[in-house]
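Enquirer: Below is model27.tsv; it holds TSV, C-alpha atoms.
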chain	number	residue	atom	x	y	z
C	1	MET	CA	-8.08	34.47	16.63
C	2	PRO	CA	-6.62	31.02	15.84
C	3	ARG	CA	-8.68	28.84	13.54
C	4	ARG	CA	-10.72	26.22	15.42
C	5	VAL	CA	-9.98	22.53	15.00
C	6	ARG	CA	-13.00	20.99	13.26
C	7	SER	CA	-11.91	17.53	12.09
C	8	LEU	CA	-9.78	14.59	13.19
C	9	ALA	CA	-7.24	15.40	10.48
C	10	ALA	CA	-7.05	18.98	11.73
C	11	ALA	CA	-6.62	17.71	15.29
C	12	ALA	CA	-3.70	15.54	14.16
C	13	ALA	CA	-2.13	18.53	12.37
C	14	TRP	CA	-2.65	20.66	15.48
C	15	VAL	CA	-0.83	18.11	17.68
C	16	ASP	CA	2.00	17.86	15.17
C	17	GLU	CA	2.45	21.63	15.23
C	18	ALA	CA	2.21	21.84	19.03
C	19	GLY	CA	4.64	18.98	19.53
C	20	LEU	CA	3.68	18.58	23.19
C	21	ALA	CA	0.14	19.30	24.41
C	22	VAL	CA	-2.62	18.27	26.78
C	23	VAL	CA	-6.15	17.09	26.07
C	24	TYR	CA	-7.81	19.35	28.64
C	25	SER	CA	-6.64	22.76	29.84
C	26	SER	CA	-4.31	22.55	32.83
C	27	VAL	CA	-3.34	25.41	35.13
C	28	ASP	CA	-0.26	23.44	36.19
C	29	LEU	CA	1.29	23.16	32.71
C	30	VAL	CA	2.24	25.77	30.12
C	31	LEU	CA	1.15	23.49	27.26
C	32	PRO	CA	-1.79	24.23	24.96
C	33	SER	CA	-4.93	22.08	25.17
C	34	LEU	CA	-6.75	20.39	22.33
C	35	TRP	CA	-10.01	21.21	24.11
C	36	GLU	CA	-9.38	24.94	23.78
C	37	ALA	CA	-8.38	24.48	20.13
C	38	VAL	CA	-11.65	22.64	19.46
C	39	GLY	CA	-14.06	24.65	21.58
C	40	GLY	CA	-12.38	27.99	22.15
C	41	PRO	CA	-11.30	29.61	25.43
C	42	ASP	CA	-14.83	30.03	26.84
C	43	ALA	CA	-16.48	26.83	25.59
C	44	ASP	CA	-18.77	24.86	27.88
C	45	TRP	CA	-18.35	21.10	27.91
C	46	ALA	CA	-22.10	20.61	28.41
C	47	ILE	CA	-25.51	21.39	27.00
C	48	ARG	CA	-27.53	22.70	29.94
C	49	ASP	CA	-31.23	22.99	30.72
C	50	GLU	CA	-32.97	26.16	31.88
C	51	HIS	CA	-31.70	25.55	35.41
C	52	GLY	CA	-28.09	25.24	34.32
C	53	LYS	CA	-27.96	21.48	34.85
C	54	ALA	CA	-25.78	19.55	32.38
C	55	VAL	CA	-27.93	17.23	30.26
C	56	ASP	CA	-25.47	16.16	27.54
C	57	PHE	CA	-22.03	16.84	26.10
C	58	SER	CA	-21.79	19.94	23.92
C	59	PRO	CA	-21.07	19.25	20.21
C	60	GLU	CA	-17.50	20.53	20.65
C	61	PHE	CA	-16.81	18.34	23.66
C	62	SER	CA	-18.33	15.31	21.92
C	63	LYS	CA	-15.77	15.76	19.14
C	64	LEU	CA	-12.93	16.05	21.62
C	65	TRP	CA	-14.16	12.96	23.47
C	66	ARG	CA	-13.94	10.92	20.26
C	67	TRP	CA	-10.74	12.43	18.88
C	68	LYS	CA	-8.68	11.98	22.05
C	69	ASP	CA	-9.08	8.21	21.50
C	70	GLU	CA	-9.10	8.14	17.70
C	71	LEU	CA	-5.76	9.98	17.48
C	72	PRO	CA	-3.77	7.19	19.18
C	73	GLU	CA	-5.97	4.43	17.75
C	74	GLN	CA	-5.16	5.54	14.20
C	75	LYS	CA	-1.56	6.35	15.16
C	76	LEU	CA	-2.00	10.00	14.27
C	77	ALA	CA	-0.57	11.13	17.62
C	78	CYS	CA	0.57	9.58	20.88
C	79	SER	CA	-1.72	9.90	23.89
C	80	GLY	CA	-1.31	8.94	27.53
C	81	ARG	CA	-0.20	10.02	30.98
C	82	HIS	CA	3.22	10.91	29.59
C	83	LEU	CA	3.69	14.58	30.53
C	84	GLY	CA	3.26	16.55	33.73
C	85	ARG	CA	2.28	14.98	37.01
C	86	ASP	CA	-0.77	13.13	35.70
C	87	ALA	CA	-2.04	15.05	32.69
C	88	ALA	CA	-3.86	13.44	29.77
C	89	SER	CA	-1.24	14.45	27.23
C	90	LEU	CA	-0.68	14.40	23.48
C	91	VAL	CA	2.73	14.00	21.85
C	92	ALA	CA	3.44	14.52	18.16
C	93	LYS	CA	5.05	11.54	16.45
C	94	ARG	CA	8.14	13.62	15.64
C	95	MET	CA	8.74	14.19	19.38
C	96	LEU	CA	8.51	10.55	20.44
C	97	ALA	CA	12.17	9.69	19.83
C	98	PRO	CA	13.57	12.47	22.05
C	99	LEU	CA	10.98	11.76	24.72
C	100	TYR	CA	11.76	8.03	24.74
C	101	ALA	CA	15.52	8.56	24.51
C	102	LEU	CA	15.53	9.92	28.06
C	103	THR	CA	14.27	6.59	29.41
C	104	GLY	CA	17.69	5.11	28.63
C	105	ARG	CA	15.99	2.10	27.05
C	106	PRO	CA	16.74	0.92	23.48
C	107	GLY	CA	13.18	0.95	22.11
C	108	ARG	CA	12.38	-2.78	22.10
C	109	ALA	CA	8.90	-3.99	23.02
C	110	ASP	CA	10.35	-5.97	25.94
C	111	ASP	CA	12.84	-3.36	27.15
C	112	PHE	CA	10.67	-2.83	30.27
C	113	ARG	CA	12.34	-5.99	31.55
C	114	ASP	CA	15.41	-3.86	32.26
C	115	LEU	CA	13.44	-1.75	34.76
C	116	ALA	CA	13.02	-2.33	38.48
C	117	LEU	CA	9.24	-2.76	38.31
C	118	ASP	CA	7.11	-4.00	41.16
C	119	PRO	CA	5.49	-7.44	40.66
C	120	LEU	CA	2.09	-6.08	39.56
C	121	GLU	CA	3.66	-3.65	37.06
C	122	ARG	CA	5.81	-6.43	35.62
C	123	GLU	CA	2.89	-8.85	35.32
C	124	THR	CA	0.81	-6.14	33.61
C	125	ALA	CA	3.51	-5.34	31.08
C	126	GLU	CA	4.18	-9.02	30.41
C	127	ALA	CA	0.45	-9.70	29.88
C	128	ILE	CA	0.22	-6.90	27.29
C	129	LEU	CA	3.44	-8.05	25.62
C	130	GLU	CA	1.96	-11.55	25.21
C	131	ASN	CA	-1.66	-10.65	24.44
C	132	GLY	CA	-1.43	-7.37	22.55
C	133	PRO	CA	-3.26	-4.14	23.44
C	134	CYS	CA	-5.54	-4.63	26.44
C	135	SER	CA	-8.11	-2.53	28.28
C	136	GLY	CA	-8.09	-2.26	32.04
C	137	PRO	CA	-10.81	-4.92	32.47
C	138	GLU	CA	-8.89	-7.25	30.13
C	139	VAL	CA	-5.69	-6.71	32.11
C	140	ARG	CA	-7.54	-7.54	35.33
C	141	ARG	CA	-8.70	-10.83	33.82
C	142	LEU	CA	-5.12	-11.69	32.90
C	143	VAL	CA	-3.47	-10.32	36.03
C	144	PRO	CA	-5.43	-11.01	39.21
C	145	GLY	CA	-5.61	-7.96	41.42
C	146	GLU	CA	-7.85	-5.24	42.78
C	147	LYS	CA	-9.13	-2.77	40.20
C	148	ARG	CA	-7.61	0.15	42.09
C	149	LYS	CA	-4.17	-1.45	42.23
C	150	VAL	CA	-4.16	-2.58	38.59
C	151	ASP	CA	-5.32	0.84	37.39
C	152	ALA	CA	-2.58	2.49	39.48
C	153	ALA	CA	0.02	0.15	37.98
C	154	ILE	CA	-1.13	1.07	34.46
C	155	LYS	CA	-0.80	4.78	35.28
C	156	ARG	CA	2.72	4.29	36.61
C	157	LEU	CA	3.67	2.32	33.50
C	158	GLN	CA	2.37	5.15	31.32
C	159	ARG	CA	4.44	7.69	33.25
C	160	THR	CA	7.60	5.67	32.56
C	161	LEU	CA	6.68	5.20	28.86
C	162	VAL	CA	6.22	1.47	29.20
C	163	LEU	CA	2.53	1.70	28.22
C	164	THR	CA	0.58	4.13	26.05
C	165	ASN	CA	-3.01	4.59	24.88
C	166	ALA	CA	-4.06	2.57	21.84
C	167	GLY	CA	-7.70	3.60	21.40
C	168	VAL	CA	-10.74	2.23	23.21
C	169	VAL	CA	-12.88	-0.87	23.38
C	170	GLN	CA	-16.65	-0.66	23.86
C	171	GLN	CA	-18.12	-2.24	26.97
C	172	ASP	CA	-21.55	-3.70	27.67
C	173	ALA	CA	-22.17	-0.91	30.17
C	174	GLY	CA	-20.50	2.36	31.02
C	175	TRP	CA	-17.86	4.33	29.16
C	176	PRO	CA	-15.55	2.70	26.60
C	177	ALA	CA	-12.37	1.35	28.19
C	178	ILE	CA	-8.97	2.67	27.10
C	179	LYS	CA	-6.70	0.06	25.53
C	180	ASN	CA	-3.05	0.06	26.53
C	181	ASP	CA	-0.18	-1.12	24.36
C	182	LEU	CA	3.54	-1.21	24.95
C	183	PHE	CA	4.91	2.21	24.03
C	184	ALA	CA	7.97	0.83	22.24
C	185	ARG	CA	5.89	-1.66	20.25
C	186	ARG	CA	3.17	0.76	19.20
C	187	TRP	CA	5.62	3.47	18.14
C	188	ARG	CA	8.56	1.34	17.03
C	189	GLY	CA	8.74	3.10	13.67
C	190	GLU	CA	9.25	6.47	15.39
C	191	LEU	CA	11.85	5.12	17.84
C	192	LYS	CA	14.48	4.09	15.31
C	193	GLY	CA	17.73	5.96	15.78
C	194	LEU	CA	17.12	7.47	19.21
C	195	PRO	CA	19.09	10.69	19.83
C	196	ALA	CA	21.70	11.07	22.54
C	197	PRO	CA	20.26	12.22	25.89
C	198	ASP	CA	21.67	15.79	25.68
C	199	GLU	CA	20.30	16.21	22.16
C	200	ALA	CA	16.94	14.82	23.29
C	201	ARG	CA	16.73	17.24	26.24
C	202	ARG	CA	17.51	20.20	24.00
C	203	ALA	CA	14.90	19.11	21.45
C	204	LEU	CA	12.20	18.76	24.11
C	205	ALA	CA	13.10	22.07	25.74
C	206	ALA	CA	13.18	23.90	22.40
C	207	GLN	CA	9.77	22.49	21.43
C	208	THR	CA	8.30	23.55	24.77
C	209	LEU	CA	9.65	27.06	24.23
C	210	ARG	CA	8.15	27.24	20.73
C	211	THR	CA	4.80	26.00	21.99
C	212	ALA	CA	4.55	27.95	25.24
C	213	GLY	CA	6.30	31.13	24.11
C	214	GLU	CA	8.11	31.77	27.38
C	215	VAL	CA	8.91	29.47	30.30
C	216	SER	CA	10.77	29.32	33.58
C	217	ALA	CA	12.88	26.35	34.57
C	218	ALA	CA	10.04	25.33	36.89
C	219	ASP	CA	7.60	25.38	33.95
C	220	LEU	CA	9.84	23.13	31.87
C	221	ALA	CA	10.48	20.79	34.79
C	222	ALA	CA	6.73	20.46	35.38
C	223	VAL	CA	6.02	19.58	31.74
C	224	LEU	CA	8.74	16.95	31.39
C	225	ARG	CA	8.97	15.75	35.02
C	226	TRP	CA	12.60	16.83	35.24
C	227	ARG	CA	14.48	18.13	38.24
C	228	ARG	CA	14.59	21.91	38.20
C	229	GLY	CA	18.38	21.92	38.00
C	230	GLU	CA	18.23	19.71	34.92
C	231	ALA	CA	15.70	22.05	33.29
C	232	THR	CA	17.84	25.11	34.11
C	233	ALA	CA	21.00	23.51	32.70
C	234	THR	CA	19.20	22.57	29.46
C	235	LEU	CA	17.77	26.07	29.02
C	236	GLU	CA	21.19	27.61	29.66
C	237	GLU	CA	22.71	25.30	27.08
C	238	LEU	CA	20.05	26.26	24.54
C	239	THR	CA	20.82	29.90	25.21
C	240	GLU	CA	24.54	29.38	24.67
C	241	LEU	CA	23.78	27.66	21.35
C	242	GLY	CA	21.56	30.53	20.21
C	243	GLY	CA	18.33	28.56	20.47
C	244	ALA	CA	16.83	30.58	23.33
C	245	ARG	CA	16.81	34.06	24.85
C	246	GLU	CA	16.84	34.76	28.56
C	247	ARG	CA	15.45	37.64	30.59
C	248	GLU	CA	14.67	38.22	34.26
C	249	GLU	CA	11.44	39.49	35.78
C	250	ASP	CA	10.93	39.99	39.53
C	251	GLY	CA	13.93	37.80	40.19
C	252	ILE	CA	12.65	34.93	38.04
C	253	ARG	CA	14.65	33.78	35.03
C	254	LEU	CA	12.52	33.33	31.90
C	255	TRP	CA	13.43	31.86	28.52
C	256	SER	CA	11.82	32.24	25.11
C	257	GLY	CA	12.58	30.63	21.77
Rewrite the coordinates I just gave you, this time as structure tokens.

Expert:
Amino acid sequence: MPRRVRSLAAAAAWVDEAGLAVVYSSVDLVLPSLWEAVGGPDADWAIRDEHGKAVDFSPEFSKLWRWKDELPEQKLACSGRHLGRDAASLVAKRMLAPLYALTGRPGRADDFRDLALDPLERETAEAILENGPCSGPEVRRLVPGEKRKVDAAIKRLQRTLVLTNAGVVQQDAGWPAIKNDLFARRWRGELKGLPAPDEARRALAAQTLRTAGEVSAADLAAVLRWRRGEATATLEELTELGGAREREEDGIRLWSG
């Protein structure tokens, strides 16, 4: 049985080894979850009373709740809505360059200006460029707009690697609010010398194979938000280069590292 993650340093090492991961287990993605590494496969997120009602976070989930924010805040790992459809994901620092290379942007803090953003997305990115990392409530003070629309704009900007998590800020009431920073500014040290797109795709596919063990083209496409044809072509290329093995099961092509 794999050793449980019991400290922030161990969580950072776990993310570095996984390369690409999620915070919470996801049936839609073949990636490992930090939650399972912390709590185990059958862990309960809650402490429950005699009637089964949740009364508090379990000790394991309390650790995860802190570490998912402390990892990006201390720049131990990247965190955000960067993988899958909308998963809370974790990316090792060594995988940031290939991930960002596929945006086609050079890795400058203001390179979002080259994108066709809608007005609210552009105003949000510009506000964070000028003011530094901002929480959602801080963005809404700088960029007038409905909470729902501003929050949706932030999510879209995370999906396109314009924004990323930068820790949290405590609020007078309620949960702490996630701070967002410009991806290219927060991780500028890791984005020097971006690889060519083909090299980046192979690196991301190879890491997914190592982490997941075996994947289909659909699995890889779901993790990296690629078209299935693009995922298939990359896996075929890896196979030709000796970096993957292919087999077929029930008519489905599967690749392993």

Enquirer: Give me the residues within 10 Å of Arg159 (chain C) as a list in words, counting all atoms listed in the file and dropping any in the same chain fewer than 4 places off.

Expert: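 Neighbouring residues, sequence-local ones excluded: Gly80, Arg81, His82, Leu83, Gly84, Arg85, Asp86, Ala87, Ala153, Ile154, Lys155, Leu163, Thr164 and Arg225 of chain C.
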
Enquirer: Which protein, DNA or RNA residues are at most 10 Å from (6.4, 25.0, 22.9) in the file's coordinates when you count all atoms listed in the file, listed as a list of chain:residue names?

Expert: C:Glu17, C:Ala18, C:Gly19, C:Leu20, C:Ala21, C:Val30, C:Leu31, C:Pro32, C:Leu204, C:Ala205, C:Ala206, C:Gln207, C:Thr208, C:Leu209, C:Arg210, C:Thr211, C:Ala212, C:Gly213, C:Glu214, C:Val215, C:Leu220, C:Ser256, C:Gly257

Enquirer: Between CA of Leu191 (chain C) and CA of Leu29 (chain C), what is the distance in Å, rounded to a tenth?

Expert: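 Computed distance, CA of Leu191 (chain C) to CA of Leu29 (chain C), equals 25.7 Å.
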
Enquirer: Determine the nearest neighbour of Ser135 (chain C) from the options C:Leu120, C:Val169, C:Trp255, C:Val162, counting only C-alpha atoms.

Expert: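 When distances to Ser135 (chain C) are compared using only C-alpha atoms, the smallest one comes from C:Val169.
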
Enquirer: Given all atoms listed in the file as the basis, pick out the residue of C:Ser216, C:Ser89, C:Gln171, C:Ser58 nearest to Val38 (chain C).

Expert: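 So, comparing all the options, the nearest one is C:Ser58.
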
Enquirer: Could you check which residues have any atom within 12 Å of (-2.9, 7.6, 12.8), counting only C-alpha atoms with coordinates taken straight from the file, and then list them as a PDB file with C-alpha atoms, in the coordinates of the input?

Expert:
ATOM      1  CA  LEU C   8      -9.780  14.590  13.190  1.00  0.00           C
ATOM      2  CA  ALA C   9      -7.240  15.400  10.480  1.00  0.00           C
ATOM      3  CA  ALA C  11      -6.620  17.710  15.290  1.00  0.00           C
ATOM      4  CA  ALA C  12      -3.700  15.540  14.160  1.00  0.00           C
ATOM      5  CA  ALA C  13      -2.130  18.530  12.370  1.00  0.00           C
ATOM      6  CA  VAL C  15      -0.830  18.110  17.680  1.00  0.00           C
ATOM      7  CA  ASP C  16       2.000  17.860  15.170  1.00  0.00           C
ATOM      8  CA  TRP C  67     -10.740  12.430  18.880  1.00  0.00           C
ATOM      9  CA  LYS C  68      -8.680  11.980  22.050  1.00  0.00           C
ATOM     10  CA  ASP C  69      -9.080   8.210  21.500  1.00  0.00           C
ATOM     11  CA  GLU C  70      -9.100   8.140  17.700  1.00  0.00           C
ATOM     12  CA  LEU C  71      -5.760   9.980  17.480  1.00  0.00           C
ATOM     13  CA  PRO C  72      -3.770   7.190  19.180  1.00  0.00           C
ATOM     14  CA  GLU C  73      -5.970   4.430  17.750  1.00  0.00           C
ATOM     15  CA  GLN C  74      -5.160   5.540  14.200  1.00  0.00           C
ATOM     16  CA  LYS C  75      -1.560   6.350  15.160  1.00  0.00           C
ATOM     17  CA  LEU C  76      -2.000  10.000  14.270  1.00  0.00           C
ATOM     18  CA  ALA C  77      -0.570  11.130  17.620  1.00  0.00           C
ATOM     19  CA  CYS C  78       0.570   9.580  20.880  1.00  0.00           C
ATOM     20  CA  SER C  79      -1.720   9.900  23.890  1.00  0.00           C
ATOM     21  CA  ALA C  92       3.440  14.520  18.160  1.00  0.00           C
ATOM     22  CA  LYS C  93       5.050  11.540  16.450  1.00  0.00           C
ATOM     23  CA  ALA C 166      -4.060   2.570  21.840  1.00  0.00           C
ATOM     24  CA  GLY C 167      -7.700   3.600  21.400  1.00  0.00           C
ATOM     25  CA  ARG C 186       3.170   0.760  19.200  1.00  0.00           C
ATOM     26  CA  TRP C 187       5.620   3.470  18.140  1.00  0.00           C
TER      27      TRP C 187
END

Enquirer: Hey, can you check how far CA of Glu230 (chain C) sits from CA of Leu96 (chain C)?

Expert: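 CA of Leu96 (chain C) lies at a distance of 19.7 Å from CA of Glu230 (chain C).
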
Enquirer: Could you tell me how far CA of Leu194 (chain C) sits from CA of Ala97 (chain C), in Å to one decimal place?

Expert: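 A separation of 5.5 Å between them.
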
Enquirer: Which is closer to Arg185 (chain C) than all the others in C:Gly39, C:Pro106, C:Gly251, C:Pro137, using all atoms listed in the file?

Expert: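 Under the stated criterion, the closest residue is C:Pro106.
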
Enquirer: Which one of C:Cys134, C:Ala244, C:Leu117, C:Val223 sits closest to Asp28 (chain C) if you count only C-alpha atoms?

Expert: C:Val223

Enquirer: Given 5 Å of margin on each side, can you work out the centre and size in Å (one decimal) of an axis-aligned box holding every listed atom of region 108-114 of chain C, as JSON?

Expert:
{"center_x": 12.2, "center_y": -4.4, "center_z": 27.2, "size_x": 16.5, "size_y": 13.2, "size_z": 20.2}

Enquirer: Rank nothing, just name the residue among C:Ile252, C:Ala152, C:Ala217, C:Val23 nearest to Ala231 (chain C), using all atoms listed in the file.

Expert: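 Ranked by minimum distance to Ala231 (chain C), first place goes to C:Ala217.
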
Enquirer: Please return region 229-251 of chain C, rebuilt to N, CA and C atoms, as a compact mmCIF listing (two decimals), keeping the file's coordinate frame.

Expert:
# COMPACT_ATOMS: atom_id res chain seq x y z
N GLY C 229 17.00 21.67 38.42
CA GLY C 229 18.38 21.92 38.00
C GLY C 229 18.66 21.41 36.60
N GLU C 230 18.07 20.27 36.26
CA GLU C 230 18.23 19.71 34.92
C GLU C 230 17.58 20.62 33.88
N ALA C 231 16.39 21.14 34.21
CA ALA C 231 15.70 22.05 33.29
C ALA C 231 16.51 23.34 33.11
N THR C 232 17.04 23.88 34.20
CA THR C 232 17.84 25.11 34.11
C THR C 232 19.06 24.90 33.24
N ALA C 233 19.78 23.79 33.47
CA ALA C 233 21.00 23.51 32.70
C ALA C 233 20.68 23.38 31.21
N THR C 234 19.57 22.74 30.87
CA THR C 234 19.20 22.57 29.46
C THR C 234 18.85 23.91 28.83
N LEU C 235 18.12 24.75 29.55
CA LEU C 235 17.77 26.07 29.02
C LEU C 235 19.01 26.95 28.86
N GLU C 236 19.94 26.86 29.78
CA GLU C 236 21.19 27.61 29.66
C GLU C 236 21.99 27.14 28.46
N GLU C 237 21.99 25.84 28.24
CA GLU C 237 22.71 25.30 27.08
C GLU C 237 22.07 25.76 25.78
N LEU C 238 20.74 25.75 25.73
CA LEU C 238 20.05 26.26 24.54
C LEU C 238 20.39 27.72 24.28
N THR C 239 20.49 28.49 25.35
CA THR C 239 20.82 29.90 25.21
C THR C 239 22.22 30.08 24.64
N GLU C 240 23.15 29.30 25.16
CA GLU C 240 24.54 29.38 24.67
C GLU C 240 24.62 29.01 23.19
N LEU C 241 23.77 28.11 22.74
CA LEU C 241 23.78 27.66 21.35
C LEU C 241 22.96 28.57 20.44
N GLY C 242 22.34 29.60 21.01
CA GLY C 242 21.56 30.53 20.21
C GLY C 242 20.13 30.09 19.97
N GLY C 243 19.68 29.05 20.68
CA GLY C 243 18.33 28.56 20.47
C GLY C 243 17.31 29.11 21.44
N ALA C 244 17.75 29.99 22.36
CA ALA C 244 16.83 30.58 23.33
C ALA C 244 17.36 31.93 23.77
N ARG C 245 16.45 32.76 24.27
CA ARG C 245 16.81 34.06 24.85
C ARG C 245 16.36 34.07 26.30
N GLU C 246 17.16 34.73 27.14
CA GLU C 246 16.84 34.76 28.56
C GLU C 246 16.60 36.20 29.02
N ARG C 247 15.65 36.36 29.92
CA ARG C 247 15.45 37.64 30.59
C ARG C 247 15.06 37.35 32.04
N GLU C 248 15.04 38.39 32.86
CA GLU C 248 14.67 38.22 34.26
C GLU C 248 13.54 39.17 34.60
N GLU C 249 12.57 38.67 35.35
CA GLU C 249 11.44 39.49 35.78
C GLU C 249 11.13 39.16 37.23
N ASP C 250 11.20 40.16 38.09
CA ASP C 250 10.93 39.99 39.53
C ASP C 250 11.78 38.87 40.12
N GLY C 251 13.02 38.79 39.66
CA GLY C 251 13.93 37.80 40.19
C GLY C 251 13.77 36.41 39.62
